[in-house]
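Quick notes on the structure that follows.
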Amino acid sequence: MKKKILIVGALGAVGRCALEHFERNLDWDIVGLARRKPDFPTRAQWVSPDLRDRADCEAKLGDLKDITHIAYTAVYEKQDVTRGWSEMDHVQINLAMLKNLVEVIERASPNLQHITLMQGTKAYGGHLGPFRMPARETDARYMGPNFYYDQMDWLAERQQGKDWSWTILRPQLVCGIAIGSPLNIITAIGVFAAISREYGLPLRFPGGHQRVGEATDARLIAKAMEWAGTHAIAANQIYNITNGDVYIWEHVFPKVAKLFNMETGPAHPFSLARVMPQNEAIWDKVVARYGLVPHAYKDIVVSWQFADFLLGYGQRPNPHHMSTIKIRQHGFADCIDSEDMFEELIGELQNRRILPPA
């Protein structure tokens with residue numbers, strides 16, 4: 001039987017890379033799910049239900065009778081992204097979305113084999129403060145509300161006695177190519193650099209104290225999704241997944257500057273969330289000057305607040321390091337250099353005329 005994957009959240013940072021990954025493999029048929037329509041060619045069948053609306057899910061997903069795999073990358077985020085992570089309605093909405101999707105697909109597709117669910121370091125309380133390092137999949141939970149826990153508990157209970165299995169992936173700072181995602185640091189850094197250049201400024205790191213970080217290339221996650229969905233050892237398992245190395249933002253920014261043919265300057269900590277929304281008119285000039293794809297400013301960087309959080313502005317040192325021994329011991333050992341990843345992804349956005357060239 002040919003495999004058919006439903007990629008939920010197919011235009012997000014993870015979903016977009018998963019879509020491109022599985023499109024290259026003709027052993028897979030693909031259904032993409034997102035509220036927006038793709039603005040690029042794809043061989044995927046496309047559906048656009050509101051996952052918060054059970055009736056809409058029934059109407060638009062009820063005839064998907066041959067789904068074998070689900071890659072669930074969708075997430076509901078509030079306007080105040082980081083604050084929303086600790087609010088109960090954030091939990092309730094994200095749990096309802098997963099339930100609506102799985103219950104409808106499970107009933108429509110009796111040959112369902114596997115569900116991959118995305119989590120992250122919020123499972124270890126990373127959004128609340130420092131956690132025990134390196135974080136391991138067996139670590140105790142932290143104070144809720146936390147929609148990861150509710151989704152995981154529901155999925156594990158739902159799977160009891162079923163023929164399908166699940167795998168949870170916990171990446172660290174997911175990096176990919178996605179427009180309209182509130183959790184995309186790549187476009188935020190690129191837009192910040194482009195606007196700095198338009199002002200005639202050097203590129204200055206705007207974040208907090210130096211910290212060692214980990215990241216996960218969304219292309220690596222896509223490979224892990226295929227591995228998890230086709231290897232019995234991954235059934236009903238949780239895995240941390242990262243690129244396999246570490247990075248420091250202050251070492252990344254000079255590489256970004258070279259991509260835009262800019263000088264670098266001393267670090268200048270300030271809130272991107274306070275300043276950058278005021279620079280929409282400057283971005284419009286950049287788009288016109290270089291003939292870029294005319295994405296709305298609020299779509300290309302949805303949350304400058306999230307950028308502040310990741311770059312460490314106004315925060316005490318809060319290192320997040322995870323052990324990836326388990327997934328490697330189970331057989332998935334792919335890796336990528338994180339500094340190369342940042343360069344490649346920003347360069348690809350330049351090639352696609354989403355960011356301006358050097």
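Residue numbers start at 1 in each chain; chains themselves are named A, B, ... in the order of the structure tokens; ligands are numbered from 1 in the order shown.
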Please give the complete set of residues from range 63-192 of chain A that DSSP, run on the backbone, assigns to strand (DSSP E or B), formatted as a PDB file with N, CA and C atoms, in the first residue's frame.
ATOM      1  N   HIS A  69      -0.195   8.385   7.319  1.00  0.00           N
ATOM      2  CA  HIS A  69       0.671   9.082   8.257  1.00  0.00           C
ATOM      3  C   HIS A  69       0.183  10.522   8.444  1.00  0.00           C
ATOM      4  N   ILE A  70       0.332  11.023   9.640  1.00  0.00           N
ATOM      5  CA  ILE A  70       0.031  12.417   9.946  1.00  0.00           C
ATOM      6  C   ILE A  70       1.282  13.061  10.528  1.00  0.00           C
ATOM      7  N   ALA A  71       1.670  14.200   9.973  1.00  0.00           N
ATOM      8  CA  ALA A  71       2.715  15.032  10.570  1.00  0.00           C
ATOM      9  C   ALA A  71       2.024  16.269  11.111  1.00  0.00           C
ATOM     10  N   TYR A  72       1.858  16.325  12.427  1.00  0.00           N
ATOM     11  CA  TYR A  72       1.085  17.407  13.030  1.00  0.00           C
ATOM     12  C   TYR A  72       2.038  18.502  13.494  1.00  0.00           C
ATOM     13  N   HIS A 114       0.593   6.027  11.613  1.00  0.00           N
ATOM     14  CA  HIS A 114       1.508   6.762  12.490  1.00  0.00           C
ATOM     15  C   HIS A 114       1.165   8.248  12.528  1.00  0.00           C
ATOM     16  N   ILE A 115       1.370   8.847  13.716  1.00  0.00           N
ATOM     17  CA  ILE A 115       1.209  10.285  13.911  1.00  0.00           C
ATOM     18  C   ILE A 115       2.487  10.827  14.532  1.00  0.00           C
ATOM     19  N   THR A 116       3.071  11.834  13.892  1.00  0.00           N
ATOM     20  CA  THR A 116       4.191  12.558  14.483  1.00  0.00           C
ATOM     21  C   THR A 116       3.674  13.878  15.024  1.00  0.00           C
ATOM     22  N   LEU A 117       3.999  14.166  16.277  1.00  0.00           N
ATOM     23  CA  LEU A 117       3.541  15.388  16.944  1.00  0.00           C
ATOM     24  C   LEU A 117       4.757  16.207  17.357  1.00  0.00           C
ATOM     25  N   MET A 118       4.705  17.512  17.092  1.00  0.00           N
ATOM     26  CA  MET A 118       5.807  18.398  17.429  1.00  0.00           C
ATOM     27  C   MET A 118       5.625  19.000  18.813  1.00  0.00           C
ATOM     28  N   ALA A 135      18.429  18.336  29.235  1.00  0.00           N
ATOM     29  CA  ALA A 135      17.083  17.807  29.378  1.00  0.00           C
ATOM     30  C   ALA A 135      16.972  16.447  28.683  1.00  0.00           C
ATOM     31  N   SER A 165       0.511   4.201  15.720  1.00  0.00           N
ATOM     32  CA  SER A 165       1.390   4.619  16.805  1.00  0.00           C
ATOM     33  C   SER A 165       1.691   6.105  16.658  1.00  0.00           C
ATOM     34  N   TRP A 166       2.371   6.641  17.652  1.00  0.00           N
ATOM     35  CA  TRP A 166       2.746   8.050  17.615  1.00  0.00           C
ATOM     36  C   TRP A 166       4.219   8.206  17.972  1.00  0.00           C
ATOM     37  N   THR A 167       4.781   9.327  17.551  1.00  0.00           N
ATOM     38  CA  THR A 167       6.123   9.728  17.956  1.00  0.00           C
ATOM     39  C   THR A 167       6.089  11.230  18.223  1.00  0.00           C
ATOM     40  N   ILE A 168       6.683  11.662  19.318  1.00  0.00           N
ATOM     41  CA  ILE A 168       6.789  13.082  19.635  1.00  0.00           C
ATOM     42  C   ILE A 168       8.228  13.520  19.426  1.00  0.00           C
ATOM     43  N   LEU A 169       8.408  14.597  18.654  1.00  0.00           N
ATOM     44  CA  LEU A 169       9.724  15.181  18.424  1.00  0.00           C
ATOM     45  C   LEU A 169       9.824  16.494  19.190  1.00  0.00           C
ATOM     46  N   ARG A 170      10.930  16.658  19.909  1.00  0.00           N
ATOM     47  CA  ARG A 170      11.168  17.883  20.677  1.00  0.00           C
ATOM     48  C   ARG A 170      12.421  18.578  20.162  1.00  0.00           C
ATOM     49  N   PRO A 171      12.273  19.441  19.176  1.00  0.00           N
ATOM     50  CA  PRO A 171      13.419  20.195  18.665  1.00  0.00           C
ATOM     51  C   PRO A 171      13.682  21.424  19.529  1.00  0.00           C
ATOM     52  N   VAL A 174      13.487  25.866  16.200  1.00  0.00           N
ATOM     53  CA  VAL A 174      13.281  25.380  14.839  1.00  0.00           C
ATOM     54  C   VAL A 174      13.554  26.503  13.845  1.00  0.00           C
ATOM     55  N   CYS A 175      14.328  26.207  12.827  1.00  0.00           N
ATOM     56  CA  CYS A 175      14.676  27.177  11.795  1.00  0.00           C
ATOM     57  C   CYS A 175      14.286  26.625  10.434  1.00  0.00           C
TER      58      CYS A 175
END
Produce a table with one row for each residue of range 285-342 of chain A that has an atom at most 9 Å from any atom of range 207-222 of chain A, each row naming the nearest atom pair and its distance in Å at one decimal; use only C-alpha atoms; arrange rows by chain and rising residue number; format as JSON lines.
{"residue": "A:Ala307", "atom": "CA", "partner": "A:Gly207", "partner_atom": "CA", "distance": 8.8}
{"residue": "A:Asp308", "atom": "CA", "partner": "A:Gly207", "partner_atom": "CA", "distance": 6.7}
{"residue": "A:Phe309", "atom": "CA", "partner": "A:Gly207", "partner_atom": "CA", "distance": 8.6}
{"residue": "A:Leu310", "atom": "CA", "partner": "A:Gly207", "partner_atom": "CA", "distance": 8.3}
{"residue": "A:Leu311", "atom": "CA", "partner": "A:Gly207", "partner_atom": "CA", "distance": 4.7}
{"residue": "A:Gly312", "atom": "CA", "partner": "A:Gly208", "partner_atom": "CA", "distance": 4.5}
{"residue": "A:Tyr313", "atom": "CA", "partner": "A:Gly208", "partner_atom": "CA", "distance": 4.2}
{"residue": "A:Gly314", "atom": "CA", "partner": "A:Gly208", "partner_atom": "CA", "distance": 6.2}
{"residue": "A:Gln315", "atom": "CA", "partner": "A:Gly208", "partner_atom": "CA", "distance": 6.7}
{"residue": "A:Arg316", "atom": "CA", "partner": "A:His209", "partner_atom": "CA", "distance": 7.8}
{"residue": "A:Pro317", "atom": "CA", "partner": "A:His209", "partner_atom": "CA", "distance": 6.9}
{"residue": "A:Asn318", "atom": "CA", "partner": "A:Arg211", "partner_atom": "CA", "distance": 7.9}
{"residue": "A:Pro319", "atom": "CA", "partner": "A:Arg211", "partner_atom": "CA", "distance": 6.7}
{"residue": "A:His320", "atom": "CA", "partner": "A:Gly213", "partner_atom": "CA", "distance": 6.8}
{"residue": "A:His321", "atom": "CA", "partner": "A:Glu214", "partner_atom": "CA", "distance": 6.7}
{"residue": "A:Met322", "atom": "CA", "partner": "A:Glu214", "partner_atom": "CA", "distance": 8.3}
{"residue": "A:Asp334", "atom": "CA", "partner": "A:Leu220", "partner_atom": "CA", "distance": 7.2}
{"residue": "A:Cys335", "atom": "CA", "partner": "A:Leu220", "partner_atom": "CA", "distance": 7.3}
{"residue": "A:Ile336", "atom": "CA", "partner": "A:Asp217", "partner_atom": "CA", "distance": 7.7}
{"residue": "A:Ser338", "atom": "CA", "partner": "A:Ala215", "partner_atom": "CA", "distance": 6.7}
{"residue": "A:Met341", "atom": "CA", "partner": "A:Asp217", "partner_atom": "CA", "distance": 6.9}
{"residue": "A:Phe342", "atom": "CA", "partner": "A:Asp217", "partner_atom": "CA", "distance": 8.9}
Output of the above residues as a compact mmCIF listing (two decimals), in the first residue's frame, restricted to C-alpha atoms:
# COMPACT_ATOMS: atom_id res chain seq x y z
CA ALA A 307 12.63 37.47 18.35
CA ASP A 308 13.34 39.36 21.59
CA PHE A 309 12.74 36.14 23.52
CA LEU A 310 15.10 34.05 21.39
CA LEU A 311 17.86 36.64 21.23
CA GLY A 312 17.69 37.01 25.01
CA TYR A 313 16.80 40.71 25.24
CA GLY A 314 15.93 41.75 28.79
CA GLN A 315 16.39 38.23 30.16
CA ARG A 316 18.61 36.62 32.74
CA PRO A 317 20.87 33.89 31.37
CA ASN A 318 18.60 31.00 30.51
CA PRO A 319 20.55 28.23 28.76
CA HIS A 320 18.57 25.40 27.19
CA HIS A 321 20.45 22.23 26.37
CA MET A 322 18.94 18.86 25.57
CA ASP A 334 21.66 13.00 10.87
CA CYS A 335 23.21 16.34 11.80
CA ILE A 336 24.01 19.78 10.37
CA SER A 338 24.11 25.37 12.84
CA MET A 341 22.22 26.45 8.53
CA PHE A 342 21.65 30.12 9.38
Within 7 Å of range 290-306 of chain A, counting only C-alpha atoms, which residues qualify if same-chain residues fewer than 6 places away don't, as a compact mmCIF listing (two decimals) with C-alpha atoms, in the first residue's frame?
# COMPACT_ATOMS: atom_id res chain seq x y z
CA VAL A 81 3.07 34.89 21.99
CA THR A 82 5.31 34.20 24.96
CA ILE A 179 6.02 33.20 5.82
CA GLY A 180 3.26 33.95 8.30
CA SER A 181 4.72 31.89 11.15
CA PRO A 182 4.98 33.69 14.51
CA LEU A 183 7.87 31.43 15.50
CA THR A 187 12.94 36.10 8.65
CA ALA A 188 13.16 38.34 11.72
CA LEU A 272 12.84 44.68 18.56
CA ALA A 273 9.19 44.38 19.60
CA GLU A 280 7.06 49.16 8.07
CA ARG A 353 13.32 37.22 -3.39
CA ILE A 354 11.78 37.28 0.07
CA LEU A 355 14.85 39.06 1.49
CA PRO A 356 17.00 41.51 -0.51
Counting only C-alpha atoms, closest pick from A:Arg52, A:Arg132, A:Arg35, A:Lys65 relative to Ile93 in chain A is A:Arg52
Pairwise distance, CA of Arg197 in chain A with CA of Lys258 in chain A, equals 11.6 Å
For Gly125 in chain A, please output as a list in words all residues within 9 Å (counting only C-alpha atoms; exclusion window: fewer than 6 positions along the same chain). Phe131, Arg141, Tyr142, Met143, Gly144 and Asn146 of chain A
Would you mind exporting C-alpha atoms of the selected residues as a PDB file, in the first residue's frame?
ATOM      1  CA  PHE A 131      15.747  23.773  33.528  1.00  0.00           C
ATOM      2  CA  ARG A 141       7.062  17.729  34.040  1.00  0.00           C
ATOM      3  CA  TYR A 142       7.014  21.391  35.009  1.00  0.00           C
ATOM      4  CA  MET A 143       4.239  23.705  36.182  1.00  0.00           C
ATOM      5  CA  GLY A 144       1.338  24.102  33.767  1.00  0.00           C
ATOM      6  CA  ASN A 146       1.211  23.622  29.079  1.00  0.00           C
TER       7      ASN A 146
END
Going by DSSP on the backbone, which residues of range 146-260 of chain A come out as helix (DSSP H, G or I)? List them as a VMD selection string. chain A and resid 147 to 159 185 to 198 218 to 230 232 to 234 249 to 259
Could you list, as number ranges by chain, every residue within 8 Å of Ile346 in chain A, counting only C-alpha atoms and ignoring same-chain residues fewer than 2 positions away? A: 186-187, 190, 256, 259, 342-344, 348-350, 355
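Using only C-alpha atoms, the shortest contact distance between Ala228 in chain A and any of A:Asn100, A:Gln160, A:Gln113, A:Thr121 is found at A:Gln113.
The shortest atom-to-atom distance to His90 in chain A, with only C-alpha atoms taken into account, belongs to A:Val75 out of A:Val8, A:Val75, A:Ala358, A:Met262.
Proximity ranking of A:Ala178, A:Cys57, A:Ala44, A:Leu95 relative to Trp154 in chain A places A:Leu95 first, based on only C-alpha atoms.
CA of Asp150 in chain A to CA of Val91 in chain A spans 7.3 Å [interatomic distance, one decimal].
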So, counting only C-alpha atoms, which residue among A:Ala288, A:Ile327, A:Leu26, A:Val14 is closest to Ala234 in chain A? A:Ile327
